[in-house]
Every structure is written in structure tokens, then in C-alpha cells.
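As C-alpha cells, the structure follows; a few thoughts come after it.
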Amino acid sequence: MLGSQIMAASNTPLIYVGRHRVLYIGPSYGLRTRRYGAAALLVAMDGPMRVARAEGSSVITTRVVLLPPQLAVQVAAPEQDRVAVLFLDVYQRDYLLLRRQMRRNMAGILCDMGDEDDCIRQFRVLSAEQPSPDSRLASFDLLNLPEDPLDNPQDPIDGRVVDVINFIRLNPQTEGFSTSEIARRLHLSVPRVVQLFRSNIGVSFGTYRNWHRVHCAVVSVALGHSFTRAAVDAGFVDLSHFCNTFKRMFGINASHFLSSHGESRFFIDP
């Protein structure tokens, strides 16, 4: 029986914040409609879950599903069953790697993962561990994903896009940092900037900027700062702006995901 030699872990949520990914392990909270801003891998750790497109499709009963960005789905699992939700890199490179391991496509919902039992086992082990800087979680050997999805000499990113990404990483709070300003910075037209970002990282500049600001705010909350301070420091107009953007990216209310009544275990990759 899968996991028979693994001690049952606490239902206290674990939230791991990496440089390019975020991992949630905790209760499923029952039936939910989800639409994630980034691609996500959902793993039912204690028993099957049921997944279907929100607008209606055949219901899939499975343990592992891979969802592309912005696909609205309904996910049902017992309230206290543990699930792992791995929010993949916003550039969709993780998604392309994992898609090759999925053997069935049901209306955009990818399932029947090769070596599924091993995938579930990895997340069950992680849920029982106290992560450390040298753990598999920190290096992201998990699922054979690269530590940095952008570091691929076989598929290099245009240096101009890398420069913009690095600028945003250093200055997430910059107000009014629009596509037109990016165009002036790169001495390009706005349509060319839009095309450059989409062709190199698979998303628009605005999507990347919002994802990075949410990421910075999550790190700030994990370090003990208030939601309001985290939101403003990350460049959001106010707390409402942050919460709305967070909901679009992660498909769940920020207060529910991040606080869990103050019991969540956070780990930030150093």
C-alpha cells in the first residue's frame, strides 16, 4: 500500500516559496472551483480527487492532474484529505516538461502521469519533513524539475527580456512600470515588446510583473509582515489590489492560503 511505511503527517499546511515556484501541502478544503494564473500540478495524497472543467465536462477521478494556466476547473476531495498544489514557473517551462509525463488529455486537463505512485510518495514524504536549506525541496530535484527553469542553454532567453526580468526582481515596487515604459527602456515598439515577452517566456509582461509582485508579497508574509505592508512593499496600490491579484493567480483567497489561522509552516528557499 502506498505510503504504508510513511508516518502520517500533520494536516498543518506547509507552504514552500521558491524562486520560481510555490508549493502548498495541506487540507483540500472540500469542493472548490479553481483558475490558476500559472500552470499547476495537483496531487491527491490520501485518496482520489474528482476534477472537471467548471463549465462542464466528463468528471475525472484521479490522483495527479496537470492544469494549464487560466483553465477553470472544479476539484472535489474530502475536506481533510491532504493535497499538494505545486504552482509551476510562470514561464510555463515546467509545464512543458511535465506535460510529456501525462498520458491522457481530457478537455485540457492532463492526467495519468507516468510513475504516478512515485510522484505521490515524494509529496507524502515532503509533508512529513521539516525542510532544510539542503533538502530536495530547496534544490527542487522534485519531479526532476530544474532549479532554475530559465537556465537552459538549449533554449536561451533573449538578453533584453532577461534584463527586464532582473530589473523587476530588484524593483518590484516600481509604480506605473507599464509596457510602454518597457518599450522605451528597450528602444522598441509596444507590439514588439509584447511579442518578445510572449515568444521568450510564454506570458505577457503584465502577467510576469503581477506574478513577481505576488511572489514578493508571499515572501514578506512568510517573514512575519502584515498583509498590508507586504502588499504595499511589493508594489500593489493597496491590500485589496493585492488580494484580487492573488486570487487571480492562485485561485484562492490570500487570507485562506497564507494564514490558515496562523498555523501554516512556511519555508523560503534561501
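Just remember, in the C-alpha cells the first chain shown is A, the second B, etc., residues are 1-based per chain, and ligands are 1-based in the order shown.
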(request) Pick out the residues sitting within 10 Å of A:Phe227, and hand them over as a VMD selection string; count only C-alpha atoms, and ignore anything fewer than 2 positions along from it in its own chain. (result) chain A and resid 217 to 218 220 to 222 224 to 225 229 to 233 238 to 239 242 to 243 254 to 255 258 to 259
Written file, previous selection with N, CA and C atoms, as a tab-separated table (two decimals), in the first residue's frame:
chain	number	residue	atom	x	y	z
A	217	ALA	N	5.23	39.49	-2.18
A	217	ALA	CA	4.32	39.68	-1.05
A	217	ALA	C	4.20	38.40	-0.22
A	218	VAL	N	4.16	37.24	-0.88
A	218	VAL	CA	4.09	35.97	-0.15
A	218	VAL	C	5.33	35.79	0.72
A	220	SER	N	7.14	38.15	1.97
A	220	SER	CA	7.05	39.12	3.06
A	220	SER	C	6.12	38.62	4.16
A	221	VAL	N	4.96	38.05	3.79
A	221	VAL	CA	4.05	37.49	4.79
A	221	VAL	C	4.70	36.33	5.52
A	222	ALA	N	5.43	35.49	4.78
A	222	ALA	CA	6.11	34.36	5.39
A	222	ALA	C	7.15	34.81	6.41
A	224	GLY	N	6.73	37.25	8.36
A	224	GLY	CA	6.03	37.78	9.52
A	224	GLY	C	5.43	39.15	9.36
A	225	HIS	N	5.51	39.75	8.18
A	225	HIS	CA	4.95	41.08	7.97
A	225	HIS	C	3.43	40.99	7.77
A	229	ARG	N	1.38	45.62	4.78
A	229	ARG	CA	2.77	46.01	4.50
A	229	ARG	C	3.34	45.20	3.34
A	230	ALA	N	3.06	43.89	3.33
A	230	ALA	CA	3.56	43.03	2.26
A	230	ALA	C	3.05	43.51	0.90
A	231	ALA	N	1.78	43.88	0.85
A	231	ALA	CA	1.18	44.31	-0.41
A	231	ALA	C	1.81	45.60	-0.91
A	232	VAL	N	1.93	46.58	-0.03
A	232	VAL	CA	2.48	47.88	-0.43
A	232	VAL	C	3.96	47.76	-0.79
A	233	ASP	N	4.72	47.02	0.00
A	233	ASP	CA	6.14	46.85	-0.29
A	233	ASP	C	6.38	46.16	-1.64
A	238	ASP	N	-2.91	48.84	-2.86
A	238	ASP	CA	-3.39	48.65	-1.50
A	238	ASP	C	-3.64	47.16	-1.28
A	239	LEU	N	-4.16	46.82	-0.11
A	239	LEU	CA	-4.39	45.41	0.23
A	239	LEU	C	-5.42	44.77	-0.70
A	242	PHE	N	-3.81	43.74	-3.93
A	242	PHE	CA	-3.02	42.52	-3.75
A	242	PHE	C	-3.93	41.28	-3.68
A	243	CYS	N	-5.00	41.36	-2.88
A	243	CYS	CA	-5.88	40.21	-2.69
A	243	CYS	C	-6.56	39.80	-4.00
A	254	ALA	N	-6.23	35.09	-0.48
A	254	ALA	CA	-4.90	35.20	0.12
A	254	ALA	C	-4.92	34.89	1.61
A	255	SER	N	-5.94	35.36	2.31
A	255	SER	CA	-6.00	35.14	3.76
A	255	SER	C	-6.14	33.66	4.08
A	258	LEU	N	-2.58	31.92	3.01
A	258	LEU	CA	-1.36	32.31	3.72
A	258	LEU	C	-1.46	32.21	5.23
A	259	SER	N	-2.66	32.39	5.79
A	259	SER	CA	-2.72	32.43	7.25
A	259	SER	C	-3.10	31.08	7.84
(message) Quick one: residues within 9 Å of stretch 194-196 of chain A, only C-alpha atoms, excluding same-chain residues fewer than 6 positions away - as a list in words?
(response) Asp158, Arg160, Val161, Thr179, Val203, Ser204 and Phe205 of chain A
Could you turn the residues from that selection into a file that holds all heavy atoms, as a short mmCIF file (atom, residue, chain, number, x, y, z; two decimals), in the first residue's frame?
data_model
loop_
_atom_site.label_atom_id
_atom_site.label_comp_id
_atom_site.auth_asym_id
_atom_site.auth_seq_id
_atom_site.Cartn_x
_atom_site.Cartn_y
_atom_site.Cartn_z
N ASP A 158 16.10 35.75 -24.74
CA ASP A 158 16.65 36.99 -25.27
C ASP A 158 17.21 37.84 -24.12
O ASP A 158 16.55 38.05 -23.11
CB ASP A 158 15.55 37.75 -26.01
CG ASP A 158 16.07 38.95 -26.78
OD1 ASP A 158 16.58 39.89 -26.14
OD2 ASP A 158 15.95 38.95 -28.02
N ARG A 160 17.54 40.92 -23.72
CA ARG A 160 16.74 42.10 -23.36
C ARG A 160 15.62 41.73 -22.38
O ARG A 160 15.34 42.48 -21.44
CB ARG A 160 16.15 42.73 -24.62
CG ARG A 160 17.19 43.34 -25.55
CD ARG A 160 16.61 43.67 -26.91
NE ARG A 160 16.22 42.46 -27.65
CZ ARG A 160 15.73 42.48 -28.89
NH1 ARG A 160 15.57 43.63 -29.52
NH2 ARG A 160 15.41 41.36 -29.50
N VAL A 161 15.02 40.56 -22.57
CA VAL A 161 13.99 40.10 -21.65
C VAL A 161 14.60 39.78 -20.29
O VAL A 161 14.03 40.11 -19.25
CB VAL A 161 13.26 38.87 -22.22
CG1 VAL A 161 12.28 38.29 -21.20
CG2 VAL A 161 12.54 39.22 -23.51
N THR A 179 3.98 48.57 -20.00
CA THR A 179 4.58 48.01 -21.21
C THR A 179 5.21 49.10 -22.06
O THR A 179 6.26 48.91 -22.67
CB THR A 179 3.52 47.24 -22.03
OG1 THR A 179 2.85 46.31 -21.19
CG2 THR A 179 4.15 46.49 -23.19
N VAL A 203 4.37 34.38 -21.59
CA VAL A 203 3.34 35.22 -20.97
C VAL A 203 3.63 36.68 -21.28
O VAL A 203 4.72 37.04 -21.71
CB VAL A 203 3.30 35.03 -19.43
CG1 VAL A 203 2.90 33.62 -19.06
CG2 VAL A 203 4.63 35.41 -18.79
N SER A 204 2.63 37.53 -21.05
CA SER A 204 2.82 38.96 -21.28
C SER A 204 3.68 39.56 -20.18
O SER A 204 3.86 38.99 -19.10
CB SER A 204 1.46 39.66 -21.30
OG SER A 204 0.88 39.64 -20.01
N PHE A 205 4.19 40.76 -20.46
CA PHE A 205 4.96 41.47 -19.45
C PHE A 205 4.12 41.73 -18.21
O PHE A 205 4.57 41.55 -17.07
CB PHE A 205 5.47 42.80 -20.01
CG PHE A 205 5.93 43.75 -18.94
CD1 PHE A 205 7.08 43.51 -18.22
CD2 PHE A 205 5.17 44.88 -18.63
CE1 PHE A 205 7.48 44.37 -17.21
CE2 PHE A 205 5.57 45.74 -17.62
CZ PHE A 205 6.73 45.50 -16.91
#
(request) Select from stretch 126-255 of chain A everything DSSP, run on the backbone, classes as helix (DSSP H, G or I), then give the selection as a ChimeraX atom specification. (result) /A:126-128,136-139,142-144,159-170,179-186,190-201,205-222,227-233,239-250,254-255
(message) Just the number, please: distance in Å from atom CA of A:Pro27 to atom CA of A:Met49, one decimal.
(response)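 So the two atoms, atom CA of A:Pro27 and atom CA of A:Met49, lie 12.4 Å apart.
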(message) If we count only C-alpha atoms and set the cut-off at 7 Å, which residues sit around A:Arg265, ignoring sequence neighbours fewer than 2 positions away in its own chain? Please answer as a list of chain:residue names.
(response)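 The filter keeps A:Pro13, A:Leu14, A:Ile15, A:Glu263, A:Phe267.
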(message) From the options A:Tyr36, A:Tyr29, A:Phe177, A:Tyr91, which residue's atoms come nearest to A:Asn200, counting only C-alpha atoms?
(response)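 The closest residue to A:Asn200 is A:Tyr91.
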(message) I'd like to know which residues of stretch 45-158 of chain A are strand (DSSP E) (by DSSP, run on the backbone); could you write them as a PyMOL selection string?
(response) chain A and resi 49-53+60-62+64-67+73-76+82-87+102-106+109-113
Could you save the residues just selected, with N, CA and C atoms, as a CSV table (one decimal), in the first residue's frame?
chain,number,residue,atom,x,y,z
A,49,MET,N,-9.2,12.3,-6.1
A,49,MET,CA,-10.0,13.5,-6.2
A,49,MET,C,-10.7,13.4,-7.5
A,50,ARG,N,-11.8,14.3,-7.6
A,50,ARG,CA,-12.6,14.4,-8.8
A,50,ARG,C,-12.4,15.7,-9.5
A,51,VAL,N,-12.1,15.7,-10.7
A,51,VAL,CA,-11.8,17.0,-11.4
A,51,VAL,C,-12.6,17.1,-12.7
A,52,ALA,N,-13.2,18.3,-13.0
A,52,ALA,CA,-13.9,18.5,-14.2
A,52,ALA,C,-13.8,20.0,-14.6
A,53,ARG,N,-13.9,20.3,-15.8
A,53,ARG,CA,-13.9,21.7,-16.2
A,53,ARG,C,-15.1,22.4,-15.6
A,60,ILE,N,-13.2,13.4,-14.0
A,60,ILE,CA,-12.1,12.6,-14.0
A,60,ILE,C,-11.8,12.2,-12.5
A,61,THR,N,-11.7,11.0,-12.2
A,61,THR,CA,-11.3,10.5,-10.9
A,61,THR,C,-9.8,10.1,-11.0
A,62,THR,N,-9.0,10.8,-10.2
A,62,THR,CA,-7.5,10.6,-10.4
A,62,THR,C,-6.8,11.0,-9.2
A,64,VAL,N,-3.4,12.5,-9.7
A,64,VAL,CA,-2.5,13.6,-10.1
A,64,VAL,C,-3.0,14.2,-11.4
A,65,VAL,N,-3.1,15.6,-11.4
A,65,VAL,CA,-3.5,16.3,-12.6
A,65,VAL,C,-2.6,17.5,-12.9
A,66,LEU,N,-2.4,17.8,-14.1
A,66,LEU,CA,-1.6,18.9,-14.5
A,66,LEU,C,-2.6,19.9,-15.3
A,67,LEU,N,-2.6,21.1,-14.8
A,67,LEU,CA,-3.5,22.1,-15.3
A,67,LEU,C,-2.8,23.3,-16.0
A,73,VAL,N,-11.5,24.9,-13.3
A,73,VAL,CA,-11.9,23.5,-13.0
A,73,VAL,C,-12.5,23.5,-11.7
A,74,GLN,N,-13.3,22.4,-11.5
A,74,GLN,CA,-13.9,22.1,-10.2
A,74,GLN,C,-13.1,20.9,-9.6
A,75,VAL,N,-12.6,21.0,-8.4
A,75,VAL,CA,-11.9,19.9,-7.8
A,75,VAL,C,-12.6,19.5,-6.5
A,76,ALA,N,-12.9,18.2,-6.4
A,76,ALA,CA,-13.6,17.7,-5.2
A,76,ALA,C,-12.8,16.6,-4.5
A,82,ARG,N,-5.4,15.4,2.4
A,82,ARG,CA,-4.3,16.4,2.0
A,82,ARG,C,-4.1,16.4,0.5
A,83,VAL,N,-3.8,17.6,0.0
A,83,VAL,CA,-3.5,17.7,-1.4
A,83,VAL,C,-2.2,18.5,-1.4
A,84,ALA,N,-1.4,18.3,-2.5
A,84,ALA,CA,-0.3,19.1,-2.8
A,84,ALA,C,-0.6,19.9,-4.1
A,85,VAL,N,-0.4,21.2,-4.0
A,85,VAL,CA,-0.6,22.0,-5.2
A,85,VAL,C,0.7,22.7,-5.5
A,86,LEU,N,1.4,22.3,-6.6
A,86,LEU,CA,2.7,22.9,-7.0
A,86,LEU,C,2.4,23.9,-8.1
A,87,PHE,N,2.5,25.2,-7.7
A,87,PHE,CA,2.3,26.3,-8.7
A,87,PHE,C,3.6,26.4,-9.5
A,102,MET,N,2.4,13.1,-18.9
A,102,MET,CA,1.0,12.8,-18.7
A,102,MET,C,0.5,12.1,-20.0
A,103,ARG,N,-0.3,11.0,-19.7
A,103,ARG,CA,-0.7,10.1,-20.9
A,103,ARG,C,-2.1,10.4,-21.4
A,104,ARG,N,-2.8,11.2,-20.7
A,104,ARG,CA,-4.2,11.5,-21.1
A,104,ARG,C,-4.6,12.9,-21.0
A,105,ASN,N,-5.3,13.4,-22.0
A,105,ASN,CA,-5.7,14.8,-22.1
A,105,ASN,C,-7.2,14.8,-22.2
A,106,MET,N,-7.9,15.3,-21.1
A,106,MET,CA,-9.3,15.3,-21.0
A,106,MET,C,-9.8,16.8,-21.0
A,109,ILE,N,-7.4,19.0,-19.3
A,109,ILE,CA,-7.0,18.5,-18.0
A,109,ILE,C,-6.1,17.3,-18.3
A,110,LEU,N,-4.8,17.4,-17.9
A,110,LEU,CA,-3.9,16.3,-18.2
A,110,LEU,C,-3.7,15.4,-17.0
A,111,CYS,N,-3.8,14.1,-17.2
A,111,CYS,CA,-3.8,13.1,-16.1
A,111,CYS,C,-3.1,11.8,-16.6
A,112,ASP,N,-3.2,10.8,-15.7
A,112,ASP,CA,-2.5,9.5,-16.0
A,112,ASP,C,-1.0,9.7,-16.1
A,113,MET,N,-0.4,10.2,-15.0
A,113,MET,CA,1.0,10.5,-15.0
A,113,MET,C,1.8,9.2,-15.0
(request) Please measure the separation of atom CA of A:Asp148 and atom CA of A:His241, giving the value in Å to one decimal. (result) 28.8 Å
